[in-house]
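Trainee: So here's coords-v9.tsv, just TSV, C-alpha atoms:
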chain	number	residue	atom	x	y	z
A	1	MET	CA	-35.33	-0.18	-18.63
A	2	PRO	CA	-34.77	-1.12	-22.29
A	3	LEU	CA	-31.21	-0.97	-23.52
A	4	ALA	CA	-30.27	0.12	-27.00
A	5	ASN	CA	-28.03	-1.96	-29.21
A	6	VAL	CA	-24.71	-0.33	-28.39
A	7	SER	CA	-22.15	-2.87	-29.55
A	8	GLY	CA	-19.97	-0.14	-31.07
A	9	ALA	CA	-19.30	-2.13	-34.24
A	10	LYS	CA	-21.34	-3.05	-37.26
A	11	PRO	CA	-21.86	-6.75	-38.08
A	12	SER	CA	-20.46	-6.10	-41.55
A	13	GLN	CA	-17.20	-4.93	-39.96
A	14	LEU	CA	-16.86	-7.97	-37.76
A	15	GLY	CA	-17.94	-10.77	-40.03
A	16	PRO	CA	-20.84	-13.13	-39.32
A	17	ALA	CA	-19.05	-14.90	-36.47
A	18	ARG	CA	-18.33	-11.69	-34.56
A	19	ALA	CA	-21.58	-9.76	-35.03
A	20	THR	CA	-23.80	-8.74	-32.15
A	21	GLU	CA	-25.99	-11.74	-31.40
A	22	ARG	CA	-29.64	-11.01	-30.59
A	23	LEU	CA	-31.50	-13.51	-28.44
A	24	MET	CA	-34.86	-12.02	-27.63
A	25	ALA	CA	-36.78	-12.71	-24.42
A	26	PRO	CA	-34.26	-15.29	-23.14
A	27	SER	CA	-35.49	-18.00	-20.83
A	28	ILE	CA	-32.87	-18.15	-18.08
A	29	ARG	CA	-32.61	-21.50	-16.36
A	30	ILE	CA	-32.19	-21.28	-12.58
A	31	GLU	CA	-30.34	-23.90	-10.50
A	32	LYS	CA	-30.19	-22.91	-6.85
A	33	THR	CA	-27.38	-24.04	-4.58
A	34	THR	CA	-28.03	-26.62	-1.87
A	35	THR	CA	-24.98	-25.50	0.13
A	36	PRO	CA	-25.17	-21.75	0.78
A	37	ARG	CA	-21.94	-20.09	1.81
A	38	PRO	CA	-21.49	-18.53	5.25
A	39	ARG	CA	-22.04	-14.78	5.14
A	40	PRO	CA	-19.00	-12.68	6.00
A	41	ASN	CA	-19.23	-9.86	8.49
A	42	PRO	CA	-19.43	-6.49	6.67
A	43	SER	CA	-16.36	-5.35	8.59
A	44	ASP	CA	-14.42	-8.15	6.83
A	45	PHE	CA	-15.71	-7.52	3.30
A	46	GLY	CA	-12.60	-5.85	1.90
A	47	PHE	CA	-12.66	-5.85	-1.90
A	48	GLY	CA	-13.04	-9.00	-4.00
A	49	LYS	CA	-12.37	-11.40	-1.12
A	50	HIS	CA	-15.78	-13.06	-0.79
A	51	PHE	CA	-18.14	-14.39	-3.45
A	52	THR	CA	-21.86	-15.06	-3.50
A	53	ASP	CA	-23.69	-18.36	-3.92
A	54	HIS	CA	-24.48	-18.20	-7.64
A	55	ALA	CA	-23.16	-17.14	-11.04
A	56	PHE	CA	-24.67	-16.49	-14.45
A	57	HIS	CA	-23.30	-18.45	-17.42
A	58	MET	CA	-23.91	-18.78	-21.15
A	59	GLU	CA	-21.81	-19.99	-24.07
A	60	TRP	CA	-21.29	-18.98	-27.69
A	61	ALA	CA	-20.29	-21.22	-30.59
A	62	VAL	CA	-19.68	-20.16	-34.17
A	63	ASP	CA	-22.43	-22.45	-35.47
A	64	LYS	CA	-24.99	-21.79	-32.69
A	65	GLY	CA	-24.59	-18.27	-31.33
A	66	TRP	CA	-25.37	-17.63	-27.66
A	67	ALA	CA	-27.09	-20.50	-25.87
A	68	ASP	CA	-28.18	-21.87	-22.51
A	69	PRO	CA	-28.34	-18.72	-20.35
A	70	ARG	CA	-28.50	-19.95	-16.76
A	71	VAL	CA	-27.88	-19.19	-13.12
A	72	VAL	CA	-25.96	-21.97	-11.38
A	73	PRO	CA	-24.18	-22.46	-8.05
A	74	TYR	CA	-20.86	-20.63	-7.88
A	75	GLY	CA	-18.03	-23.04	-8.64
A	76	ASN	CA	-14.88	-23.74	-10.58
A	77	LEU	CA	-14.87	-23.46	-14.37
A	78	SER	CA	-14.10	-26.49	-16.50
A	79	LEU	CA	-11.60	-25.39	-19.18
A	80	ASP	CA	-9.48	-27.43	-21.54
A	81	PRO	CA	-5.76	-26.74	-20.93
A	82	ALA	CA	-5.58	-25.55	-24.55
A	83	ALA	CA	-8.42	-22.99	-24.11
A	84	ALA	CA	-7.63	-19.93	-26.19
A	85	ALA	CA	-8.00	-17.47	-23.28
A	86	LEU	CA	-5.11	-19.18	-21.49
A	87	HIS	CA	-2.74	-18.96	-24.45
A	88	TYR	CA	-3.73	-15.99	-26.60
A	89	GLY	CA	-5.32	-13.61	-24.13
A	90	GLN	CA	-8.86	-13.36	-25.46
A	91	ALA	CA	-10.32	-12.26	-22.13
A	92	MET	CA	-12.04	-9.12	-20.92
A	93	PHE	CA	-14.33	-8.03	-18.11
A	94	GLU	CA	-16.50	-5.28	-16.68
A	95	GLY	CA	-17.04	-4.05	-13.15
A	96	LEU	CA	-20.14	-2.38	-11.70
A	97	LYS	CA	-22.02	-2.24	-8.41
A	98	ALA	CA	-25.48	-2.86	-6.99
A	99	PHE	CA	-26.68	-0.82	-4.01
A	100	ARG	CA	-29.40	-1.32	-1.43
A	101	LEU	CA	-31.39	1.89	-1.00
A	102	PRO	CA	-33.02	3.09	2.25
A	103	ASP	CA	-36.37	1.54	1.27
A	104	GLY	CA	-34.70	-1.87	0.85
A	105	SER	CA	-34.85	-1.89	-2.95
A	106	ILE	CA	-31.80	-2.85	-5.01
A	107	HIS	CA	-30.49	-0.75	-7.89
A	108	LEU	CA	-27.59	-1.29	-10.28
A	109	PHE	CA	-25.52	1.83	-10.95
A	110	ARG	CA	-25.18	2.76	-14.63
A	111	LEU	CA	-25.88	-0.74	-15.89
A	112	ASP	CA	-26.47	0.53	-19.43
A	113	ALA	CA	-23.09	2.26	-19.61
A	114	HIS	CA	-21.20	-0.85	-18.51
A	115	VAL	CA	-23.09	-3.06	-20.95
A	116	ALA	CA	-22.34	-0.57	-23.72
A	117	ARG	CA	-18.63	-0.47	-22.90
A	118	MET	CA	-18.33	-4.25	-23.00
A	119	GLY	CA	-20.14	-4.19	-26.31
A	120	ARG	CA	-17.65	-1.69	-27.69
A	121	GLY	CA	-14.63	-3.53	-26.34
A	122	ALA	CA	-15.34	-7.12	-27.38
A	123	PRO	CA	-14.94	-6.55	-31.15
A	124	ARG	CA	-11.42	-5.15	-30.55
A	125	LEU	CA	-10.51	-8.62	-29.24
A	126	CYS	CA	-12.46	-10.35	-32.06
A	127	MET	CA	-14.96	-11.62	-29.52
A	128	PRO	CA	-18.73	-11.94	-30.10
A	129	VAL	CA	-20.92	-9.35	-28.41
A	130	PRO	CA	-23.97	-10.58	-26.50
A	131	ASP	CA	-27.10	-8.60	-27.26
A	132	PRO	CA	-27.27	-5.69	-24.76
A	133	GLU	CA	-30.66	-6.82	-23.44
A	134	LEU	CA	-29.39	-10.34	-22.91
A	135	MET	CA	-26.19	-9.17	-21.25
A	136	ALA	CA	-28.09	-6.85	-18.93
A	137	GLU	CA	-30.63	-9.53	-18.05
A	138	GLY	CA	-27.83	-11.99	-17.28
A	139	ILE	CA	-26.30	-9.45	-14.90
A	140	ARG	CA	-29.68	-8.84	-13.28
A	141	ALA	CA	-30.27	-12.59	-12.97
A	142	ALA	CA	-26.98	-13.07	-11.13
A	143	VAL	CA	-27.82	-10.26	-8.68
A	144	ARG	CA	-31.43	-11.40	-8.30
A	145	ALA	CA	-30.32	-14.93	-7.38
A	146	ASP	CA	-28.19	-13.52	-4.56
A	147	SER	CA	-30.21	-10.44	-3.69
A	148	ASP	CA	-29.91	-11.18	0.01
A	149	TRP	CA	-26.15	-10.75	-0.39
A	150	VAL	CA	-26.56	-7.07	-1.29
A	151	PRO	CA	-25.46	-5.36	1.93
A	152	SER	CA	-27.12	-2.39	3.56
A	153	ASP	CA	-24.32	-1.16	5.82
A	154	PRO	CA	-22.95	2.33	5.05
A	155	GLY	CA	-20.25	2.28	2.39
A	156	THR	CA	-20.96	-1.30	1.27
A	157	ALA	CA	-22.22	-2.63	-2.07
A	158	LEU	CA	-22.35	-5.74	-4.24
A	159	TYR	CA	-19.57	-5.64	-6.81
A	160	ILE	CA	-20.48	-7.35	-10.10
A	161	ARG	CA	-17.89	-8.80	-12.50
A	162	PRO	CA	-19.19	-9.75	-15.99
A	163	THR	CA	-16.45	-11.66	-17.82
A	164	LEU	CA	-15.95	-12.86	-21.40
A	165	ILE	CA	-13.33	-15.50	-22.26
A	166	ALA	CA	-12.38	-17.66	-25.23
A	167	THR	CA	-12.82	-21.37	-24.51
A	168	GLU	CA	-12.05	-23.24	-27.73
A	169	ALA	CA	-9.23	-25.75	-27.31
A	170	PHE	CA	-6.65	-25.14	-30.03
A	171	LEU	CA	-3.06	-24.02	-30.48
A	172	GLY	CA	-2.98	-21.48	-33.27
A	173	VAL	CA	-3.21	-17.70	-33.41
A	174	ARG	CA	-6.73	-16.87	-34.60
A	175	PRO	CA	-10.00	-15.85	-32.96
A	176	SER	CA	-11.61	-18.63	-30.99
A	177	ASN	CA	-14.79	-20.28	-32.24
A	178	ARG	CA	-16.16	-20.75	-28.72
A	179	TYR	CA	-16.66	-18.32	-25.81
A	180	MET	CA	-18.10	-18.16	-22.31
A	181	PHE	CA	-19.81	-15.15	-20.74
A	182	TYR	CA	-20.26	-15.33	-16.99
A	183	VAL	CA	-21.11	-13.03	-14.09
A	184	ILE	CA	-19.87	-13.36	-10.52
A	185	CYS	CA	-20.63	-11.09	-7.55
A	186	SER	CA	-18.76	-10.06	-4.42
A	187	PRO	CA	-19.95	-8.06	-1.40
A	188	VAL	CA	-17.51	-5.21	-0.85
A	189	GLY	CA	-16.87	-2.63	1.81
A	190	SER	CA	-15.83	0.98	1.58
A	191	TYR	CA	-12.65	1.23	-0.49
A	192	TYR	CA	-11.09	3.51	2.11
A	193	GLY	CA	-12.28	1.86	5.31
A	194	GLY	CA	-11.82	4.76	7.71
A	195	GLY	CA	-12.74	7.42	5.17
A	196	MET	CA	-11.38	8.92	1.97
A	197	ARG	CA	-7.66	9.66	2.13
A	198	PRO	CA	-5.04	10.94	-0.30
A	199	VAL	CA	-2.68	8.42	-1.91
A	200	LYS	CA	0.93	8.68	-3.07
A	201	ILE	CA	1.44	8.05	-6.80
A	202	TRP	CA	4.65	7.32	-8.71
A	203	ILE	CA	5.03	8.87	-12.18
A	204	GLU	CA	6.32	6.04	-14.40
A	205	ARG	CA	8.72	7.30	-17.08
A	206	ASP	CA	10.08	3.99	-18.41
A	207	GLN	CA	7.43	1.30	-18.65
A	208	THR	CA	4.27	1.66	-20.72
A	209	ARG	CA	0.73	0.52	-19.99
A	210	ALA	CA	-0.72	1.06	-23.47
A	211	ALA	CA	0.35	2.32	-26.89
A	212	PRO	CA	-1.60	3.85	-29.79
A	213	GLY	CA	-3.28	1.13	-31.79
A	214	GLY	CA	-3.25	-1.24	-28.80
A	215	LEU	CA	-5.75	-2.42	-26.19
A	216	GLY	CA	-5.57	0.46	-23.72
A	217	GLY	CA	-9.12	1.60	-24.43
A	218	VAL	CA	-10.58	-1.86	-23.67
A	219	LYS	CA	-11.00	-3.67	-20.34
A	220	ALA	CA	-8.83	-6.48	-21.63
A	221	ALA	CA	-7.15	-8.71	-19.07
A	222	ALA	CA	-3.82	-8.12	-20.84
A	223	ASN	CA	-3.85	-4.44	-19.84
A	224	TYR	CA	-3.78	-5.36	-16.19
A	225	ALA	CA	-0.98	-7.88	-16.60
A	226	ALA	CA	1.04	-5.15	-18.35
A	227	SER	CA	0.64	-2.85	-15.33
A	228	LEU	CA	1.82	-5.21	-12.59
A	229	LYS	CA	5.60	-4.87	-12.77
A	230	ALA	CA	5.59	-1.08	-12.52
A	231	ALA	CA	2.98	-1.20	-9.74
A	232	VAL	CA	5.16	-3.56	-7.69
A	233	ALA	CA	8.19	-1.30	-8.19
A	234	ALA	CA	6.16	1.76	-7.16
A	235	LYS	CA	5.09	0.07	-3.93
A	236	GLU	CA	8.71	-0.79	-3.17
A	237	ARG	CA	9.41	2.96	-3.38
A	238	GLY	CA	6.60	3.69	-0.93
A	239	TYR	CA	3.95	4.67	-3.48
A	240	GLU	CA	0.53	3.10	-3.81
A	241	GLN	CA	-0.02	3.28	-7.57
A	242	VAL	CA	1.46	4.32	-10.90
A	243	LEU	CA	0.68	7.34	-13.05
A	244	TRP	CA	1.04	6.19	-16.64
A	245	LEU	CA	2.36	8.49	-19.35
A	246	ASP	CA	2.08	8.35	-23.14
A	247	ALA	CA	4.05	5.53	-24.75
A	248	LYS	CA	5.90	7.65	-27.31
A	249	ASN	CA	7.56	10.43	-25.31
A	250	HIS	CA	6.52	9.75	-21.70
A	251	GLU	CA	5.49	13.38	-21.36
A	252	HIS	CA	1.69	13.42	-21.10
A	253	LEU	CA	-0.57	12.00	-18.39
A	254	GLU	CA	-2.89	9.11	-19.27
A	255	GLU	CA	-4.26	6.89	-16.47
A	256	VAL	CA	-3.43	6.38	-12.80
A	257	GLY	CA	-3.36	2.74	-11.74
A	258	THR	CA	-6.66	1.32	-12.96
A	259	MET	CA	-8.41	4.70	-12.91
A	260	ASN	CA	-8.93	7.75	-15.09
A	261	LEU	CA	-7.15	10.89	-13.94
A	262	PHE	CA	-8.39	14.44	-13.31
A	263	VAL	CA	-6.31	17.51	-12.56
A	264	ARG	CA	-7.72	20.76	-11.18
A	265	PHE	CA	-5.96	23.95	-12.24
A	266	ASP	CA	-7.65	26.82	-10.38
A	267	ASP	CA	-11.36	26.45	-11.26
A	268	GLU	CA	-10.81	24.26	-14.32
A	269	LEU	CA	-11.01	20.46	-14.20
A	270	VAL	CA	-8.89	18.78	-16.88
A	271	THR	CA	-8.69	15.15	-18.01
A	272	ALA	CA	-6.88	13.47	-20.89
A	273	PRO	CA	-8.96	12.94	-24.05
A	274	LEU	CA	-10.18	9.42	-24.69
A	275	GLY	CA	-8.53	7.26	-27.30
A	276	ASP	CA	-7.17	3.78	-27.79
A	277	THR	CA	-4.78	4.18	-24.83
A	278	ILE	CA	-7.33	5.39	-22.26
A	279	LEU	CA	-10.40	3.54	-21.00
A	280	ALA	CA	-13.72	5.37	-21.22
A	281	GLY	CA	-14.45	5.24	-17.51
A	282	VAL	CA	-18.05	5.28	-16.33
A	283	THR	CA	-17.12	7.18	-13.15
A	284	ARG	CA	-15.12	9.56	-15.35
A	285	ASP	CA	-18.33	10.29	-17.22
A	286	CYS	CA	-20.20	10.86	-13.93
A	287	VAL	CA	-17.58	13.41	-12.86
A	288	MET	CA	-17.77	15.24	-16.17
A	289	GLN	CA	-21.54	15.49	-15.88
A	290	LEU	CA	-21.54	16.58	-12.24
A	291	ALA	CA	-18.63	19.03	-12.37
A	292	GLY	CA	-20.81	21.72	-13.92
A	293	ASP	CA	-23.08	21.55	-10.86
A	294	LEU	CA	-20.06	22.67	-8.82
A	295	GLY	CA	-19.38	25.62	-11.10
A	296	LEU	CA	-16.32	24.01	-12.68
A	297	LYS	CA	-15.27	24.13	-16.29
A	298	VAL	CA	-14.30	20.70	-17.62
A	299	ARG	CA	-11.82	20.27	-20.46
A	300	GLU	CA	-10.49	17.21	-22.25
A	301	ARG	CA	-6.95	17.95	-23.39
A	302	PRO	CA	-3.41	16.58	-23.08
A	303	ILE	CA	-1.74	17.31	-19.73
A	304	ALA	CA	2.06	17.36	-19.62
A	305	VAL	CA	4.15	16.40	-16.59
A	306	LYS	CA	5.86	19.80	-16.95
A	307	GLU	CA	2.47	21.49	-16.55
A	308	LEU	CA	2.00	19.67	-13.24
A	309	ILE	CA	5.43	20.75	-12.02
A	310	ASP	CA	4.90	24.36	-13.09
A	311	GLY	CA	1.40	24.38	-11.59
A	312	ALA	CA	2.68	23.08	-8.25
A	313	LYS	CA	5.30	25.83	-8.14
A	314	SER	CA	2.90	28.62	-9.13
A	315	GLY	CA	0.03	27.46	-6.93
A	316	LYS	CA	-2.25	26.95	-9.94
A	317	LEU	CA	-2.34	23.17	-9.35
A	318	LYS	CA	-5.07	22.61	-6.77
A	319	GLU	CA	-6.05	18.93	-6.93
A	320	VAL	CA	-5.27	15.61	-8.60
A	321	PHE	CA	-7.58	12.60	-8.28
A	322	GLY	CA	-8.42	9.30	-9.93
A	323	THR	CA	-11.89	8.01	-10.73
A	324	GLY	CA	-13.13	4.42	-10.94
A	325	THR	CA	-15.86	2.00	-9.88
A	326	ALA	CA	-13.98	0.60	-6.87
A	327	ALA	CA	-12.90	3.82	-5.13
A	328	VAL	CA	-15.25	6.28	-6.90
A	329	ILE	CA	-12.83	9.17	-6.22
A	330	SER	CA	-9.21	8.63	-5.16
A	331	PRO	CA	-7.46	11.89	-4.22
A	332	VAL	CA	-3.71	12.17	-4.80
A	333	GLY	CA	-1.66	13.80	-2.05
A	334	GLU	CA	1.80	13.32	-3.52
A	335	LEU	CA	3.32	12.66	-6.92
A	336	GLY	CA	6.81	11.21	-7.04
A	337	MET	CA	9.34	10.89	-9.83
A	338	GLU	CA	13.10	10.57	-10.11
A	339	GLY	CA	14.62	13.47	-8.22
A	340	GLU	CA	11.39	15.28	-7.39
A	341	LYS	CA	8.25	15.11	-5.27
A	342	LEU	CA	5.13	17.20	-5.74
A	343	SER	CA	2.85	17.82	-2.77
A	344	ILE	CA	-0.75	18.23	-3.96
A	345	GLY	CA	-3.05	20.45	-1.92
A	346	GLY	CA	-0.85	20.11	1.14
A	347	GLY	CA	-1.46	16.35	1.12
A	348	ALA	CA	-5.13	16.78	2.07
A	349	VAL	CA	-8.35	15.71	0.35
A	350	GLY	CA	-9.36	18.48	-2.06
A	351	ASP	CA	-12.69	20.26	-1.87
A	352	VAL	CA	-13.76	19.23	-5.37
A	353	ALA	CA	-12.75	15.59	-4.89
A	354	GLN	CA	-14.78	15.44	-1.68
A	355	LYS	CA	-17.83	17.13	-3.21
A	356	LEU	CA	-17.78	14.82	-6.25
A	357	TYR	CA	-17.40	11.74	-4.06
A	358	ASP	CA	-20.31	12.86	-1.90
A	359	ALA	CA	-22.46	13.67	-4.95
A	360	ILE	CA	-21.90	10.31	-6.66
A	361	THR	CA	-22.27	8.15	-3.56
A	362	SER	CA	-25.40	10.05	-2.48
A	363	ILE	CA	-27.03	9.08	-5.76
A	364	GLN	CA	-25.79	5.49	-5.50
A	365	TYR	CA	-27.29	5.04	-2.02
A	366	GLY	CA	-30.52	6.86	-2.82
A	367	LYS	CA	-29.84	9.80	-0.51
A	368	THR	CA	-30.37	12.36	-3.27
A	369	PRO	CA	-32.67	12.15	-6.31
A	370	ASP	CA	-31.32	10.41	-9.39
A	371	THR	CA	-32.14	12.99	-12.06
A	372	ARG	CA	-29.92	11.41	-14.72
A	373	GLY	CA	-31.32	7.88	-14.79
A	374	TRP	CA	-28.16	6.28	-13.44
A	375	LEU	CA	-29.91	3.87	-11.07
A	376	HIS	CA	-31.43	0.76	-12.68
A	377	PRO	CA	-33.92	-1.10	-10.45
A	378	LEU	CA	-33.35	-4.81	-10.12
Just give me the structure of the file as structure tokens.

Mentor:
Amino acid sequence: MPLANVSGAKPSQLGPARATERLMAPSIRIEKTTTPRPRPNPSDFGFGKHFTDHAFHMEWAVDKGWADPRVVPYGNLSLDPAAAALHYGQAMFEGLKAFRLPDGSIHLFRLDAHVARMGRGAPRLCMPVPDPELMAEGIRAAVRADSDWVPSDPGTALYIRPTLIATEAFLGVRPSNRYMFYVICSPVGSYYGGGMRPVKIWIERDQTRAAPGGLGGVKAAANYAASLKAAVAAKERGYEQVLWLDAKNHEHLEEVGTMNLFVRFDDELVTAPLGDTILAGVTRDCVMQLAGDLGLKVRERPIAVKELIDGAKSGKLKEVFGTGTAAVISPVGELGMEGEKLSIGGGAVGDVAQKLYDAITSIQYGKTPDTRGWLHPL
């Protein structure tokens, strides 16, 4: 399926060294491994623990553009100790999945949306954007090389991690003149194991994940480093993740852990509006498109912590759940904060969360027709 040029930035805005680079009809070199890895049992997949036999690589230089797209055996990267990604944080990634359908075919879920999001995010970090067609073909090439790794067991998939890092060796704060784009893959099991279950979330009122004008709307590695300390503290309190609030007043809901957040008030589904502090989640978009099929109104608007508290007391608050590639839908059973706990839906999985999870995963595994063009054949 052809992909439009969706870099999200004009070459004139980025300068010649940061413009979208177009490399038409790339010839991808293939080097197959001579030492295949042992295949893990699907019951031991977990998430991100095992990696396939091959990876896709290509490099960018300011005087050459993108070059040498290739599939090679999975292995360690060779980086100079002064590589810019290690010192100045020019690093970002994507995450998507490939599924094996009942007829044995392999499809990538919403490949175009993930390619587009990386194209929008890279310019914010002053990184060059691979042409969408080239990026998509590199992802396909990585999956194609390890197609026999795509599992068929219920609840399993092949997780795909496209990554972009700065590789120039220098000590000085400026955009790098050299970059590497690579794709690695990992067979993964069901995020929940024994079935979807509600999680306990801590509302963080002191630390901040992202601020206006920052990197919160980009899948930059720095965002995840910024979240770790609060996440560790939340787990010490007995909570599994953090609900992040706005950086200025710590009053309005933004993201939960590494996911977008939805709140159901009666028959209305509400989520925070996108901006430079909230990532434009692909699963978030799926939910917004599918919610109408369930007879729900969907609104993007600010949601205050006080509104949650008042809604819990009045009974108007019905469900809270996160959305993301890894878990798809993650229902919240309890919200904790200093001096107060909110039980959501009696601590059970909500009806809407379950229906949305079933609807999305049914499309992913080819159990229901894909009427929106979300599945991209390998």

Trainee: Can you check which parts of range 195-222 of chain A lie within 10 Å of range 348-371 of chain A? Per residue, the shortest pair of atoms and distance in Å to one decimal, counting only C-alpha atoms, sorted by chain and number, as a tab-separated table.

Mentor:
residue	atom	partner	partner_atom	distance
A:Met196	CA	A:Val349	CA	7.6
A:Arg197	CA	A:Val349	CA	6.3
A:Pro198	CA	A:Val349	CA	5.8
A:Val199	CA	A:Val349	CA	9.5

Trainee: Go through range 67-157 of chain A residue by residue and, counting all atoms listed in the file, keep those with an atom at most 12 Å from range 285-309 of chain A; for each kept residue give the shortest atom pair and its distance in Å to one decimal, ordered by chain and increasing number, as a tab-separated table.

Mentor:
residue	atom	partner	partner_atom	distance
A:Phe109	CA	A:Cys286	CA	10.9
A:Arg110	CA	A:Cys286	CA	9.5
A:Ala113	CA	A:Asp285	CA	9.6
A:His114	CA	A:Asp285	CA	11.6

Trainee: So which residues touch range 208-214 of chain A within 7 Å, counting only C-alpha atoms, skipping near sequence neighbours fewer than 6 positions away, as a list in words?

Mentor: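 In the requested format, the answer is Asn223, Ala226, Ser227, Trp244, Ala247, Asp276 and Thr277 of chain A.
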
Trainee: Please, what distance in Å, to one decimal, runs between CA of Val183 in chain A and CA of Glu254 in chain A?

Mentor: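 According to the coordinates, CA of Val183 in chain A and CA of Glu254 in chain A are separated by 29.1 Å.
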
Trainee: Go through A:Met180, A:Met135, A:Ala169, A:Val150 one by one, measure the shortest atom-to-atom distance of each to Ala61 in chain A using all atoms listed in the file, and give the residue with the smallest value.

Mentor: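 Distance minimum relative to Ala61 in chain A lands on A:Met180.
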
Trainee: Kindly assemble as CSV a list of the range 139-227 of chain A residues that lie within 7 Å of range 44-52 of chain A, each paired with its nearest atom pair and their distance in Å to one decimal, using all atoms listed in the file, sorted first by chain and then by ascending residue number.

Mentor:
residue,atom,partner,partner_atom,distance
A:Asp146,CA,A:Thr52,CA,6.6
A:Trp149,CA,A:Thr52,CA,6.8
A:Cys185,CA,A:Thr52,CA,5.8
A:Ser186,CA,A:Phe51,CA,4.5
A:Pro187,CA,A:Phe45,CA,6.4
A:Val188,CA,A:Phe47,CA,5.0
A:Gly189,CA,A:Phe45,CA,5.2

Trainee: Can you pull out every residue within 9 Å of Glu59 in chain A, counting all atoms listed in the file, but drop anything in the same chain fewer than 5 positions away, and send it as a PyMOL selection string?

Mentor: chain A and resi 65-69+178-182

Trainee: Have a look at CA of Asp63 in chain A and CA of Ala222 in chain A and let me know their distance in Å, one decimal.

Mentor: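 Separation between CA of Asp63 in chain A and CA of Ala222 in chain A: 27.7 Å.
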
Trainee: Using all atoms listed in the file and a cutoff of 8 Å, can you tell me which residues are near (-10.2, 0.6, -7.5) in the file's coordinates, and write them out as JSON, numbers by chain?

Mentor: {"A": [191, 258, 259, 324, 325, 326, 327, 328]}

Trainee: Identify which of the residues A:Ile201, A:Val320, A:Ile160, A:Ala122 lies closest to Ala141 in chain A, counting only C-alpha atoms when measuring atom-to-atom distances.

Mentor: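 Selected residue with least distance to Ala141 in chain A: A:Ile160.
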
Trainee: Taking all atoms listed in the file into account, which of A:Arg37, A:Lys97, A:Lys313, A:His87 comes nearest Thr283 in chain A?

Mentor: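 Of the candidates, the smallest distance to Thr283 in chain A is held by A:Lys97.
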
Trainee: For the atom pair CA of Ala91 in chain A and CA of Ala220 in chain A, what is the interatomic distance in Å to one decimal place?

Mentor: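 Interatomic distance here is 6.0 Å.
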